[in-house]
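S.K.: Here you go, this is data.cif (mmCIF, C-alpha atoms and all ligand atoms).
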data_my_file
#
loop_
_atom_site.group_PDB
_atom_site.id
_atom_site.type_symbol
_atom_site.label_atom_id
_atom_site.label_comp_id
_atom_site.auth_asym_id
_atom_site.auth_seq_id
_atom_site.Cartn_x
_atom_site.Cartn_y
_atom_site.Cartn_z
ATOM 1 C CA LEU A 24 120.630 175.927 112.455
ATOM 2 C CA GLN A 25 123.733 178.133 112.664
ATOM 3 C CA ALA A 26 123.257 178.919 116.378
ATOM 4 C CA GLU A 27 122.376 175.328 117.212
ATOM 5 C CA ALA A 28 125.320 174.039 115.152
ATOM 6 C CA HIS A 29 127.634 176.333 117.077
ATOM 7 C CA SER A 30 126.338 175.472 120.531
ATOM 8 C CA GLN A 31 126.495 171.713 119.848
ATOM 9 C CA ARG A 32 129.792 171.699 117.971
ATOM 10 C CA HIS A 33 131.637 169.687 120.591
ATOM 11 C CA GLU A 34 128.947 166.981 120.635
ATOM 12 C CA PRO A 35 129.390 163.952 118.371
ATOM 13 C CA ALA A 36 127.619 163.866 115.003
ATOM 14 C CA THR A 37 124.975 161.240 115.792
ATOM 15 C CA THR A 38 121.972 160.634 113.546
ATOM 16 C CA LEU A 39 118.378 160.488 114.799
ATOM 17 C CA ASP A 40 118.677 156.696 114.856
ATOM 18 C CA GLY A 41 121.916 156.614 116.791
ATOM 19 C CA HIS A 42 124.606 156.207 114.119
ATOM 20 C CA THR A 43 127.728 158.303 114.735
ATOM 21 C CA LEU A 44 130.100 159.679 112.110
ATOM 22 C CA GLU A 45 133.422 161.289 112.865
ATOM 23 C CA VAL A 46 133.644 164.828 111.536
ATOM 24 C CA CYS A 47 137.231 165.957 111.216
ATOM 25 C CA ALA A 48 139.051 168.963 109.820
ATOM 26 C CA ASN A 49 141.279 169.382 106.784
ATOM 27 C CA LEU A 50 144.404 171.426 107.519
ATOM 28 C CA GLY A 51 147.381 172.706 105.580
ATOM 29 C CA ASN A 52 149.008 174.514 108.488
ATOM 30 C CA THR A 53 149.458 172.936 111.905
ATOM 31 C CA ALA A 54 149.208 176.374 113.548
ATOM 32 C CA HIS A 55 145.492 176.188 112.766
ATOM 33 C CA THR A 56 144.964 173.048 114.867
ATOM 34 C CA PRO A 57 143.628 174.884 117.967
ATOM 35 C CA ASP A 58 141.042 176.575 115.742
ATOM 36 C CA ALA A 59 139.924 173.187 114.351
ATOM 37 C CA VAL A 60 139.567 171.799 117.880
ATOM 38 C CA GLU A 61 137.676 174.899 118.980
ATOM 39 C CA ARG A 62 135.235 174.399 116.118
ATOM 40 C CA GLY A 63 134.465 170.890 117.297
ATOM 41 C CA ALA A 64 136.534 168.723 114.965
ATOM 42 C CA ASP A 65 136.809 165.108 116.134
ATOM 43 C CA GLY A 66 140.375 165.110 114.839
ATOM 44 C CA ILE A 67 142.385 166.128 111.794
ATOM 45 C CA GLY A 68 141.163 164.018 108.886
ATOM 46 C CA LEU A 69 143.604 165.355 106.325
ATOM 47 C CA LEU A 70 146.839 167.182 107.039
ATOM 48 C CA ARG A 71 148.044 168.371 103.642
ATOM 49 C CA THR A 72 151.720 168.206 104.520
ATOM 50 C CA GLU A 73 152.841 169.639 101.165
ATOM 51 C CA PHE A 74 151.724 173.055 102.411
ATOM 52 C CA ILE A 75 154.297 172.798 105.186
ATOM 53 C CA PHE A 76 156.918 172.117 102.511
ATOM 54 C CA MET A 77 155.628 174.964 100.317
ATOM 55 C CA ALA A 78 155.900 177.397 103.227
ATOM 56 C CA HIS A 79 159.686 176.896 103.365
ATOM 57 C CA PRO A 80 162.263 178.139 100.839
ATOM 58 C CA GLU A 81 163.943 174.741 100.912
ATOM 59 C CA ALA A 82 162.943 171.278 102.074
ATOM 60 C CA PRO A 83 162.287 171.456 105.833
ATOM 61 C CA ASP A 84 164.721 169.237 107.719
ATOM 62 C CA LEU A 85 163.831 166.611 110.284
ATOM 63 C CA ALA A 86 163.825 168.993 113.265
ATOM 64 C CA THR A 87 161.754 171.626 111.469
ATOM 65 C CA GLN A 88 159.153 169.109 110.385
ATOM 66 C CA GLU A 89 159.048 167.458 113.788
ATOM 67 C CA ARG A 90 158.400 170.831 115.423
ATOM 68 C CA GLU A 91 155.548 171.622 113.026
ATOM 69 C CA TYR A 92 153.860 168.247 113.464
ATOM 70 C CA ARG A 93 154.277 168.462 117.232
ATOM 71 C CA HIS A 94 152.195 171.665 117.274
ATOM 72 C CA ALA A 95 149.301 169.693 115.861
ATOM 73 C CA PHE A 96 149.577 166.781 118.299
ATOM 74 C CA ASP A 97 149.955 169.117 121.277
ATOM 75 C CA ALA A 98 146.783 171.001 120.330
ATOM 76 C CA LEU A 99 144.784 167.852 119.624
ATOM 77 C CA ASN A 100 144.767 166.550 123.223
ATOM 78 C CA GLY A 101 144.650 162.926 122.128
ATOM 79 C CA LEU A 102 142.358 163.351 119.118
ATOM 80 C CA PRO A 103 143.605 161.514 116.007
ATOM 81 C CA LEU A 104 145.611 163.097 113.219
ATOM 82 C CA VAL A 105 145.575 161.706 109.693
ATOM 83 C CA ALA A 106 148.703 162.933 107.950
ATOM 84 C CA ARG A 107 148.987 162.603 104.237
ATOM 85 C CA THR A 108 152.543 162.181 103.062
ATOM 86 C CA LEU A 109 153.918 164.776 100.681
ATOM 87 C CA ASP A 110 151.627 165.221 97.672
ATOM 88 C CA VAL A 111 153.426 167.292 95.046
ATOM 89 C CA GLY A 112 153.387 167.307 91.265
ATOM 90 C CA GLY A 113 150.391 168.018 89.059
ATOM 91 C CA ASP A 114 148.709 171.154 90.430
ATOM 92 C CA LYS A 115 151.099 171.338 93.412
ATOM 93 C CA PRO A 116 154.587 172.466 92.406
ATOM 94 C CA LEU A 117 157.497 172.724 94.842
ATOM 95 C CA ASP A 118 160.069 175.279 93.665
ATOM 96 C CA TYR A 119 163.075 173.484 95.123
ATOM 97 C CA TRP A 120 162.043 170.111 93.721
ATOM 98 C CA PRO A 121 162.255 170.670 89.974
ATOM 99 C CA LEU A 122 160.259 168.083 88.086
ATOM 100 C CA PRO A 123 160.922 166.888 84.559
ATOM 101 C CA GLN A 124 158.942 168.581 81.784
ATOM 102 C CA GLU A 125 155.968 166.386 81.098
ATOM 103 C CA ASP A 126 153.178 166.713 78.540
ATOM 104 C CA ASN A 127 150.628 165.651 81.140
ATOM 105 C CA PRO A 128 151.861 166.397 84.671
ATOM 106 C CA PHE A 129 148.512 165.302 86.125
ATOM 107 C CA LEU A 130 149.194 161.889 84.610
ATOM 108 C CA GLY A 131 152.858 161.889 85.421
ATOM 109 C CA LEU A 132 155.209 161.906 88.368
ATOM 110 C CA ARG A 133 153.061 163.092 91.250
ATOM 111 C CA GLY A 134 151.801 162.005 94.644
ATOM 112 C CA ILE A 135 153.184 158.738 95.929
ATOM 113 C CA ARG A 136 154.843 157.974 92.577
ATOM 114 C CA LEU A 137 157.032 161.007 92.990
ATOM 115 C CA SER A 138 157.795 160.227 96.640
ATOM 116 C CA LEU A 139 158.909 156.731 95.684
ATOM 117 C CA THR A 140 161.552 158.241 93.382
ATOM 118 C CA ARG A 141 163.038 160.099 96.391
ATOM 119 C CA PRO A 142 162.529 157.689 99.286
ATOM 120 C CA GLU A 143 164.890 159.664 101.538
ATOM 121 C CA ILE A 144 162.444 162.599 101.541
ATOM 122 C CA LEU A 145 159.552 160.325 102.462
ATOM 123 C CA GLU A 146 161.677 158.643 105.133
ATOM 124 C CA THR A 147 162.565 161.934 106.778
ATOM 125 C CA GLN A 148 158.954 163.008 106.749
ATOM 126 C CA VAL A 149 157.763 159.741 108.287
ATOM 127 C CA ARG A 150 160.523 159.905 110.908
ATOM 128 C CA ALA A 151 159.460 163.441 111.852
ATOM 129 C CA LEU A 152 155.796 162.439 112.076
ATOM 130 C CA LEU A 153 156.510 159.361 114.204
ATOM 131 C CA ARG A 154 158.787 161.305 116.544
ATOM 132 C CA ALA A 155 156.287 164.134 116.910
ATOM 133 C CA ALA A 156 153.443 161.701 117.579
ATOM 134 C CA GLY A 157 155.166 159.554 120.206
ATOM 135 C CA ASP A 158 152.301 157.454 121.523
ATOM 136 C CA ARG A 159 149.599 159.843 120.311
ATOM 137 C CA PRO A 160 147.212 158.658 117.565
ATOM 138 C CA LEU A 161 148.911 159.241 114.225
ATOM 139 C CA ARG A 162 147.357 157.774 111.101
ATOM 140 C CA LEU A 163 149.368 157.926 107.899
ATOM 141 C CA MET A 164 148.093 157.858 104.366
ATOM 142 C CA PHE A 165 149.574 158.010 100.906
ATOM 143 C CA PRO A 166 148.206 160.193 98.078
ATOM 144 C CA MET A 167 147.313 159.087 94.532
ATOM 145 C CA VAL A 168 147.911 155.384 95.133
ATOM 146 C CA LYS A 169 146.805 153.419 92.070
ATOM 147 C CA ASP A 170 147.334 149.841 93.257
ATOM 148 C CA LEU A 171 148.831 147.478 95.806
ATOM 149 C CA ASP A 172 152.390 147.720 94.466
ATOM 150 C CA GLU A 173 152.599 151.421 95.287
ATOM 151 C CA PHE A 174 151.025 150.898 98.687
ATOM 152 C CA ARG A 175 153.417 148.085 99.581
ATOM 153 C CA ALA A 176 156.456 150.078 98.480
ATOM 154 C CA ALA A 177 155.405 153.080 100.546
ATOM 155 C CA LYS A 178 154.413 151.000 103.556
ATOM 156 C CA ALA A 179 157.793 149.250 103.503
ATOM 157 C CA ILE A 180 159.478 152.631 103.933
ATOM 158 C CA VAL A 181 157.241 153.450 106.901
ATOM 159 C CA GLN A 182 157.915 150.087 108.515
ATOM 160 C CA ARG A 183 161.648 150.528 108.115
ATOM 161 C CA VAL A 184 161.502 153.828 109.974
ATOM 162 C CA GLN A 185 159.124 152.400 112.598
ATOM 163 C CA ASP A 186 161.515 149.545 113.308
ATOM 164 C CA GLU A 187 164.502 151.856 113.410
ATOM 165 C CA ILE A 188 163.024 154.169 116.033
ATOM 166 C CA GLY A 189 160.869 151.589 117.790
ATOM 167 C CA ALA A 190 157.673 153.521 117.097
ATOM 168 C CA PRO A 191 154.364 152.009 118.173
ATOM 169 C CA ASP A 192 151.974 150.490 115.645
ATOM 170 C CA LEU A 193 149.939 152.950 113.644
ATOM 171 C CA GLN A 194 147.153 152.865 111.107
ATOM 172 C CA ILE A 195 148.382 153.148 107.525
ATOM 173 C CA GLY A 196 145.915 153.905 104.771
ATOM 174 C CA VAL A 197 145.545 154.996 101.196
ATOM 175 C CA MET A 198 143.699 157.814 99.578
ATOM 176 C CA ILE A 199 141.204 156.762 96.957
ATOM 177 C CA GLU A 200 141.790 159.388 94.293
ATOM 178 C CA VAL A 201 142.402 157.284 91.224
ATOM 179 C CA PRO A 202 139.602 155.104 89.803
ATOM 180 C CA SER A 203 141.874 152.037 89.708
ATOM 181 C CA SER A 204 142.232 152.068 93.490
ATOM 182 C CA ALA A 205 138.449 152.172 93.991
ATOM 183 C CA LEU A 206 137.986 149.354 91.484
ATOM 184 C CA LEU A 207 140.717 147.397 93.234
ATOM 185 C CA ALA A 208 139.587 148.231 96.772
ATOM 186 C CA PRO A 209 138.850 144.541 97.461
ATOM 187 C CA THR A 210 142.543 143.786 96.859
ATOM 188 C CA LEU A 211 143.778 146.752 98.883
ATOM 189 C CA ALA A 212 141.441 146.363 101.859
ATOM 190 C CA PRO A 213 143.139 143.308 103.411
ATOM 191 C CA GLU A 214 146.460 145.190 103.604
ATOM 192 C CA VAL A 215 145.415 148.740 104.527
ATOM 193 C CA ASP A 216 143.950 150.014 107.779
ATOM 194 C CA PHE A 217 141.663 152.596 106.183
ATOM 195 C CA PHE A 218 140.700 154.446 103.030
ATOM 196 C CA SER A 219 140.177 158.173 102.634
ATOM 197 C CA VAL A 220 138.374 159.203 99.467
ATOM 198 C CA GLY A 221 139.810 162.329 97.870
ATOM 199 C CA THR A 222 136.795 163.281 95.795
ATOM 200 C CA ASN A 223 138.540 166.254 94.169
ATOM 201 C CA ASP A 224 141.071 164.110 92.357
ATOM 202 C CA LEU A 225 138.755 161.098 92.097
ATOM 203 C CA THR A 226 136.260 163.258 90.195
ATOM 204 C CA GLN A 227 138.993 164.697 87.997
ATOM 205 C CA TYR A 228 140.325 161.276 87.033
ATOM 206 C CA THR A 229 136.923 159.605 86.689
ATOM 207 C CA LEU A 230 135.332 162.268 84.517
ATOM 208 C CA ALA A 231 138.577 163.247 82.758
ATOM 209 C CA ILE A 232 138.004 166.919 83.613
ATOM 210 C CA ASP A 233 140.860 169.011 85.023
ATOM 211 C CA ARG A 234 139.798 170.010 88.540
ATOM 212 C CA GLY A 235 140.893 173.604 87.893
ATOM 213 C CA HIS A 236 139.281 173.949 84.480
ATOM 214 C CA GLY A 237 137.252 177.172 84.349
ATOM 215 C CA GLN A 238 134.988 176.415 81.431
ATOM 216 C CA LEU A 239 134.223 172.866 82.541
ATOM 217 C CA SER A 240 133.851 173.579 86.263
ATOM 218 C CA ALA A 241 130.061 173.148 86.197
ATOM 219 C CA GLU A 242 130.485 169.659 84.769
ATOM 220 C CA SER A 243 133.163 168.667 87.232
ATOM 221 C CA ASP A 244 130.682 167.543 89.883
ATOM 222 C CA ALA A 245 131.658 164.993 92.504
ATOM 223 C CA LEU A 246 127.983 164.090 92.921
ATOM 224 C CA HIS A 247 128.292 162.304 89.605
ATOM 225 C CA PRO A 248 126.862 158.772 89.791
ATOM 226 C CA ALA A 249 130.137 157.372 88.437
ATOM 227 C CA VAL A 250 132.016 158.848 91.398
ATOM 228 C CA LEU A 251 129.334 157.712 93.834
ATOM 229 C CA ARG A 252 129.586 154.154 92.525
ATOM 230 C CA LEU A 253 133.328 154.182 93.108
ATOM 231 C CA ILE A 254 132.749 155.368 96.687
ATOM 232 C CA GLN A 255 130.162 152.632 97.166
ATOM 233 C CA MET A 256 132.642 149.998 95.953
ATOM 234 C CA THR A 257 135.299 151.375 98.270
ATOM 235 C CA VAL A 258 133.054 151.244 101.333
ATOM 236 C CA ALA A 259 131.813 147.740 100.524
ATOM 237 C CA ALA A 260 135.369 146.418 100.219
ATOM 238 C CA ALA A 261 136.546 148.231 103.336
ATOM 239 C CA HIS A 262 133.694 147.104 105.553
ATOM 240 C CA ALA A 263 134.019 143.510 104.349
ATOM 241 C CA HIS A 264 137.488 143.632 105.939
ATOM 242 C CA GLY A 265 136.563 145.691 108.997
ATOM 243 C CA ARG A 266 138.307 148.850 107.707
ATOM 244 C CA TRP A 267 136.960 152.384 107.959
ATOM 245 C CA VAL A 268 136.421 154.873 105.148
ATOM 246 C CA GLY A 269 136.608 158.644 105.263
ATOM 247 C CA VAL A 270 135.825 161.252 102.627
ATOM 248 C CA CYS A 271 138.154 164.227 102.672
ATOM 249 C CA GLY A 272 137.418 165.950 99.347
ATOM 250 C CA GLU A 273 135.098 168.923 98.874
ATOM 251 C CA LEU A 274 132.111 166.622 98.455
ATOM 252 C CA ALA A 275 132.150 165.947 102.208
ATOM 253 C CA SER A 276 130.838 169.426 102.960
ATOM 254 C CA ASP A 277 128.258 169.645 100.184
ATOM 255 C CA PRO A 278 124.862 169.757 101.969
ATOM 256 C CA LEU A 279 123.203 167.675 99.228
ATOM 257 C CA ALA A 280 125.970 165.072 99.392
ATOM 258 C CA ILE A 281 126.064 164.578 103.162
ATOM 259 C CA PRO A 282 122.954 162.320 103.286
ATOM 260 C CA VAL A 283 124.286 160.370 100.316
ATOM 261 C CA LEU A 284 127.673 159.796 101.934
ATOM 262 C CA LEU A 285 125.993 158.832 105.202
ATOM 263 C CA GLY A 286 123.730 156.456 103.279
ATOM 264 C CA LEU A 287 126.761 154.933 101.553
ATOM 265 C CA GLU A 288 127.962 154.242 105.117
ATOM 266 C CA VAL A 289 131.090 156.274 105.062
ATOM 267 C CA ASP A 290 132.552 156.409 108.597
ATOM 268 C CA GLU A 291 134.198 159.817 108.635
ATOM 269 C CA LEU A 292 133.921 163.155 106.858
ATOM 270 C CA SER A 293 136.799 165.602 106.833
ATOM 271 C CA VAL A 294 136.063 169.188 105.868
ATOM 272 C CA THR A 295 137.395 172.730 106.156
ATOM 273 C CA SER A 296 137.454 173.630 109.873
ATOM 274 C CA ARG A 297 134.855 176.357 109.633
ATOM 275 C CA ARG A 298 132.334 173.907 108.164
ATOM 276 C CA VAL A 299 132.676 171.325 110.955
ATOM 277 C CA PRO A 300 129.785 172.628 113.131
ATOM 278 C CA LEU A 301 127.323 172.745 110.228
ATOM 279 C CA VAL A 302 128.283 169.329 108.872
ATOM 280 C CA LYS A 303 127.746 167.871 112.338
ATOM 281 C CA ALA A 304 124.393 169.641 112.652
ATOM 282 C CA CYS A 305 123.335 168.378 109.247
ATOM 283 C CA ILE A 306 124.068 164.763 110.249
ATOM 284 C CA ARG A 307 122.061 165.157 113.481
ATOM 285 C CA LYS A 308 118.952 165.981 111.427
ATOM 286 C CA LEU A 309 119.197 162.742 109.408
ATOM 287 C CA SER A 310 118.519 159.089 110.046
ATOM 288 C CA LEU A 311 120.689 156.390 108.548
ATOM 289 C CA GLU A 312 117.583 154.841 107.078
ATOM 290 C CA THR A 313 116.495 157.926 105.115
ATOM 291 C CA ALA A 314 120.108 158.510 104.115
ATOM 292 C CA ARG A 315 120.251 155.009 102.621
ATOM 293 C CA THR A 316 117.198 155.853 100.530
ATOM 294 C CA GLN A 317 118.894 159.054 99.350
ATOM 295 C CA ALA A 318 122.031 157.137 98.434
ATOM 296 C CA ALA A 319 120.035 154.553 96.471
ATOM 297 C CA LEU A 320 118.203 157.350 94.679
ATOM 298 C CA ALA A 321 121.471 159.049 93.729
ATOM 299 C CA LEU A 322 123.018 155.787 92.551
ATOM 300 C CA SER A 323 120.028 155.095 90.299
ATOM 301 C CA LYS A 324 120.630 158.249 88.234
ATOM 302 C CA ALA A 325 122.602 158.602 85.009
ATOM 303 C CA THR A 326 124.141 162.058 85.344
ATOM 304 C CA ALA A 327 125.213 164.536 88.028
ATOM 305 C CA VAL A 328 122.411 166.903 87.025
ATOM 306 C CA GLU A 329 119.881 164.124 87.512
ATOM 307 C CA VAL A 330 121.387 163.293 90.906
ATOM 308 C CA ARG A 331 121.167 166.913 92.103
ATOM 309 C CA ASP A 332 117.625 167.356 90.766
ATOM 310 C CA ALA A 333 116.440 164.157 92.422
ATOM 311 C CA LEU A 334 118.057 164.969 95.780
ATOM 312 C CA GLU A 335 116.678 168.502 95.769
ATOM 313 C CA ALA A 336 113.195 167.251 94.981
ATOM 314 C CA SER A 337 113.183 164.549 97.641
HETATM 315 C C1 LIG A 401 141.298 165.306 96.956
HETATM 316 O O1 LIG A 401 141.903 165.119 95.894
HETATM 317 O O2 LIG A 401 140.047 165.208 97.066
HETATM 318 C C2 LIG A 401 142.038 165.662 98.181
HETATM 319 C C3 LIG A 401 141.437 165.694 99.362
HETATM 320 O O3 LIG A 401 143.356 166.000 98.037
HETATM 321 P P1 LIG A 401 143.795 167.428 97.441
HETATM 322 O O4 LIG A 401 142.550 168.265 97.289
HETATM 323 O O5 LIG A 401 144.763 167.982 98.402
HETATM 324 O O6 LIG A 401 144.398 167.020 96.137
HETATM 325 MG MG MG A 402 144.067 164.940 95.898
#
Render the structure in this file as structure tokens.

M.R.:
Amino acid sequence: LQAEAHSQRHEPATTLDGHTLEVCANLGNTAHTPDAVERGADGIGLLRTEFIFMAHPEAPDLATQEREYRHAFDALNGLPLVARTLDVGGDKPLDYWPLPQEDNPFLGLRGIRLSLTRPEILETQVRALLRAAGDRPLRLMFPMVKDLDEFRAAKAIVQRVQDEIGAPDLQIGVMIEVPSSALLAPTLAPEVDFFSVGTNDLTQYTLAIDRGHGQLSAESDALHPAVLRLIQMTVAAAHAHGRWVGVCGELASDPLAIPVLLGLEVDELSVTSRRVPLVKACIRKLSLETARTQAALALSKATAVEVRDALEAS
């Protein structure tokens, strides 16, 4: 499979029965964009922009950010780039942005909540992204959104910058990383252009297990039926409104999970660049019909262990 995956990496990921998924790359450094393209990525499905901020001793200014984002667009040759706005707080500290002491930083000021307390930082970032993109396909998404209020507040900032610089229309989406946003997907779907499921945080917040917890790591499994049900709800709401859904957490490159995600009718998977060829090859061996059966099987189980056992046995 390795050799075949490599030789067909630039082909689309189309199932035996003709259903195509986009397979994109997750990046934290825009200098790695040519590598992602070389490995066959259909685009960048998650640019973790906080890594660009972490790589600088102080907040990168407009010109610095614009230059970094431009590298990505130049290397992508028209392929889409999904940029996540700054996602700090919780497990992602930024030295020059001191945060208040909190008893539970994972349940505190982080992700979009934090950005909304410093709108000028978000504005500069959005301005840099829009300028770097020009008329190339930029998609923007916000991390850790819990409901429509946060999405509307963040989107208003983007629209202000768009109007100011006369930027073309772009897709604006939310990450589904908090159970409330999956449960409320039917209320979000009419106003967003897409969803991207961050299964790392979604699993953490659904199972109430710290994603970095050593002792509990075996139990922190994104193939948990509770997480799968939230993904199912998200896709149903999105497709009812003609929106697309991606999965950009680790689950997207788990070989046992790929048929399940395909069967749940996710539209895009975004994975570490080096896994792109194998994920594509894995999809080519499946049919949507058998994947639907796998998804139904997984959803019928009560625990993550049961899900894994059933998928391995099938
Ligand atoms: C996630 O939470 O699944 C995700 C993709 O975001 P990050 O891993 O950067 O928190
Ligand atoms: Mg996350």

S.K.: Check which residues of segment 230-271 of chain A sit at most 10 Å from segment 31-49 of chain A using only C-alpha atoms, and return one row each with the closest pair of atoms and their distance in Å to one decimal, ordered by chain and rising number, as CSV.

M.R.:
residue,atom,partner,partner_atom,distance
A:Gly269,CA,A:Glu45,CA,8.7
A:Val270,CA,A:Val46,CA,9.8
A:Cys271,CA,A:Asn49,CA,7.3

S.K.: Expressed in Å to a single decimal, how great is the separation between atom CA of Ala26 of chain A and atom CA of Glu61 of chain A?

M.R.: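 Taking atom CA of Ala26 of chain A and atom CA of Glu61 of chain A, their separation equals 15.2 Å.
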
S.K.: Apply the PyMOL selection byres (((not hetatm)) within 10 of (chain A and resi 402)) to the structure shown and report the selected residues as a list in words.

M.R.: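 That expression, the PyMOL selection byres (((not hetatm)) within 10 of (chain A and resi 402)), corresponds here to Arg71, Arg107, Asp110, Val111, Gly113, Asp114, Lys115, Gly134, Pro166, Met167, Met198, Ile199, Glu200, Val201, Val220, Gly221, Thr222, Asn223, Asp224, Leu225, Thr226, Gln227, Arg234, Cys271 and Gly272 of chain A.
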
S.K.: Please identify all polymer residues within 8 Å of Arg136 of chain A, counting only C-alpha atoms, omitting same-chain residues fewer than 3 positions from it, and present them as an MDAnalysis selection string.

M.R.: chainID A and resid 132:133 139:140 167:168 173

S.K.: Mind giving me the axis-aligned box for ligand LIG 401 (chain A) with 6 Å on every side, centre plus edges in Å to one decimal, as AutoDock Vina command-line options?

M.R.:
--center_x 142.4 --center_y 166.7 --center_z 97.6 --size_x 16.7 --size_y 15.1 --size_z 15.5

S.K.: Would you work out the distance separating atom CA of Tyr119 of chain A from atom CA of Gly68 of chain A, expressed in Å to one decimal?

M.R.: 27.6 Å

S.K.: Go through A:Lys303, A:Arg331, A:His264, A:Arg183 one by one, measure the shortest atom-to-atom distance of each to Ala280 of chain A using only C-alpha atoms, and give the residue with the smallest value.

M.R.: A:Arg331

S.K.: Take atom CA of Ala304 of chain A and atom CA of Ser30 of chain A and report the distance between them in Å, one decimal.

M.R.: 10.0 Å

S.K.: Which residues fall under the PyMOL selection byres (((chain A and resi 314-321) around 12) and not hetatm) in this file, as a VMD selection string?

M.R.: chain A and resid 38 to 40 42 245 to 252 254 to 255 279 to 289 305 to 313 322 to 337

S.K.: Residues at most 12 Å from Ala78 of chain A, counting all atoms listed in the file, excluding those fewer than 4 positions away in the same chain, as number ranges by chain?

M.R.: A: 51-53, 71-74, 82-83, 87-88, 91, 116-119

S.K.: Using all atoms listed in the file, which of the listed residues (A:Arg159, A:Lys169, A:Arg297, A:His236) sits closest to Arg93 of chain A?

M.R.: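 Checking each candidate against Arg93 of chain A, we get A:Arg159 as the closest.
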
S.K.: Find the residues around Val268 of chain A up to 7 Å (all atoms listed in the file counted), leave out those fewer than 4 positions away in its own chain, and share them as a list in words.

M.R.: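 My reading of the contact set: Phe217, Phe218, Ser219, Val258, Ala261, Val289, Asp290 and Glu291 of chain A.
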
S.K.: Residues picked by the PyMOL selection byres (((chain A and resi 143) around 12) and not hetatm) here, as a PDB file with C-alpha atoms, in the coordinates of the input?

M.R.:
ATOM      1  CA  ALA A  82     162.943 171.278 102.074  1.00  0.00           C
ATOM      2  CA  ASP A  84     164.721 169.237 107.719  1.00  0.00           C
ATOM      3  CA  LEU A  85     163.831 166.611 110.284  1.00  0.00           C
ATOM      4  CA  LEU A 137     157.032 161.007  92.990  1.00  0.00           C
ATOM      5  CA  SER A 138     157.795 160.227  96.640  1.00  0.00           C
ATOM      6  CA  LEU A 139     158.909 156.731  95.684  1.00  0.00           C
ATOM      7  CA  THR A 140     161.552 158.241  93.382  1.00  0.00           C
ATOM      8  CA  ARG A 141     163.038 160.099  96.391  1.00  0.00           C
ATOM      9  CA  PRO A 142     162.529 157.689  99.286  1.00  0.00           C
ATOM     10  CA  ILE A 144     162.444 162.599 101.541  1.00  0.00           C
ATOM     11  CA  LEU A 145     159.552 160.325 102.462  1.00  0.00           C
ATOM     12  CA  GLU A 146     161.677 158.643 105.133  1.00  0.00           C
ATOM     13  CA  THR A 147     162.565 161.934 106.778  1.00  0.00           C
ATOM     14  CA  GLN A 148     158.954 163.008 106.749  1.00  0.00           C
ATOM     15  CA  VAL A 149     157.763 159.741 108.287  1.00  0.00           C
ATOM     16  CA  ARG A 150     160.523 159.905 110.908  1.00  0.00           C
ATOM     17  CA  ALA A 177     155.405 153.080 100.546  1.00  0.00           C
ATOM     18  CA  ILE A 180     159.478 152.631 103.933  1.00  0.00           C
ATOM     19  CA  VAL A 181     157.241 153.450 106.901  1.00  0.00           C
ATOM     20  CA  ARG A 183     161.648 150.528 108.115  1.00  0.00           C
ATOM     21  CA  VAL A 184     161.502 153.828 109.974  1.00  0.00           C
TER      22      VAL A 184
END

S.K.: Using all atoms listed in the file, which of A:Leu69, A:Asp216, A:Asp170, A:Ile75 sits nearest ligand LIG 401 (chain A)?

M.R.: A:Leu69

S.K.: Using all atoms listed in the file, which of A:Leu122, A:Leu153, A:Leu274, A:Leu163 sits nearest ligand LIG 401 (chain A)?

M.R.: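 Going through A:Leu122, A:Leu153, A:Leu274, A:Leu163 one by one, the smallest distance to ligand LIG 401 (chain A) is for A:Leu274.
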
S.K.: Can you work out which one of A:Gly237, A:Glu242, A:Met256, A:Phe165 has the shortest atom-to-atom distance to ligand LIG 401 (chain A), counting only C-alpha atoms and all ligand atoms?

M.R.: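 So, comparing all the options, the nearest one is A:Phe165.
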
S.K.: Considering all atoms listed in the file, return as a ChimeraX atom specification whatever protein or nucleic-acid residues lie within 8 Å of Leu206 of chain A, sequence-local ones (same chain, fewer than 3 positions apart) excluded.

M.R.: /A:202-203,209,253,256-257

S.K.: Give as a list in words every residue, naming chains and numbers as the document does, that has an atom within 10 Å of (144.3, 173.4, 116.6), counting only C-alpha atoms.

M.R.: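 In the file's frame, the residues around the point are Ala48, Leu50, Asn52, Thr53, Ala54, His55, Thr56, Pro57, Asp58, Ala59, Val60, Glu61, Arg62, Ala64, Gly66, Ile67, His94, Ala95, Phe96, Asp97, Ala98, Leu99, Asn100 and Ser296 of chain A.
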
S.K.: For ligand LIG 401 (chain A), which residue among A:Ala275, A:Ile232, A:Ala263, A:Leu301 is the nearest when counting only C-alpha atoms and all ligand atoms?

M.R.: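 Once distances to ligand LIG 401 (chain A) are computed over only C-alpha atoms and all ligand atoms, the minimum belongs to A:Ala275.
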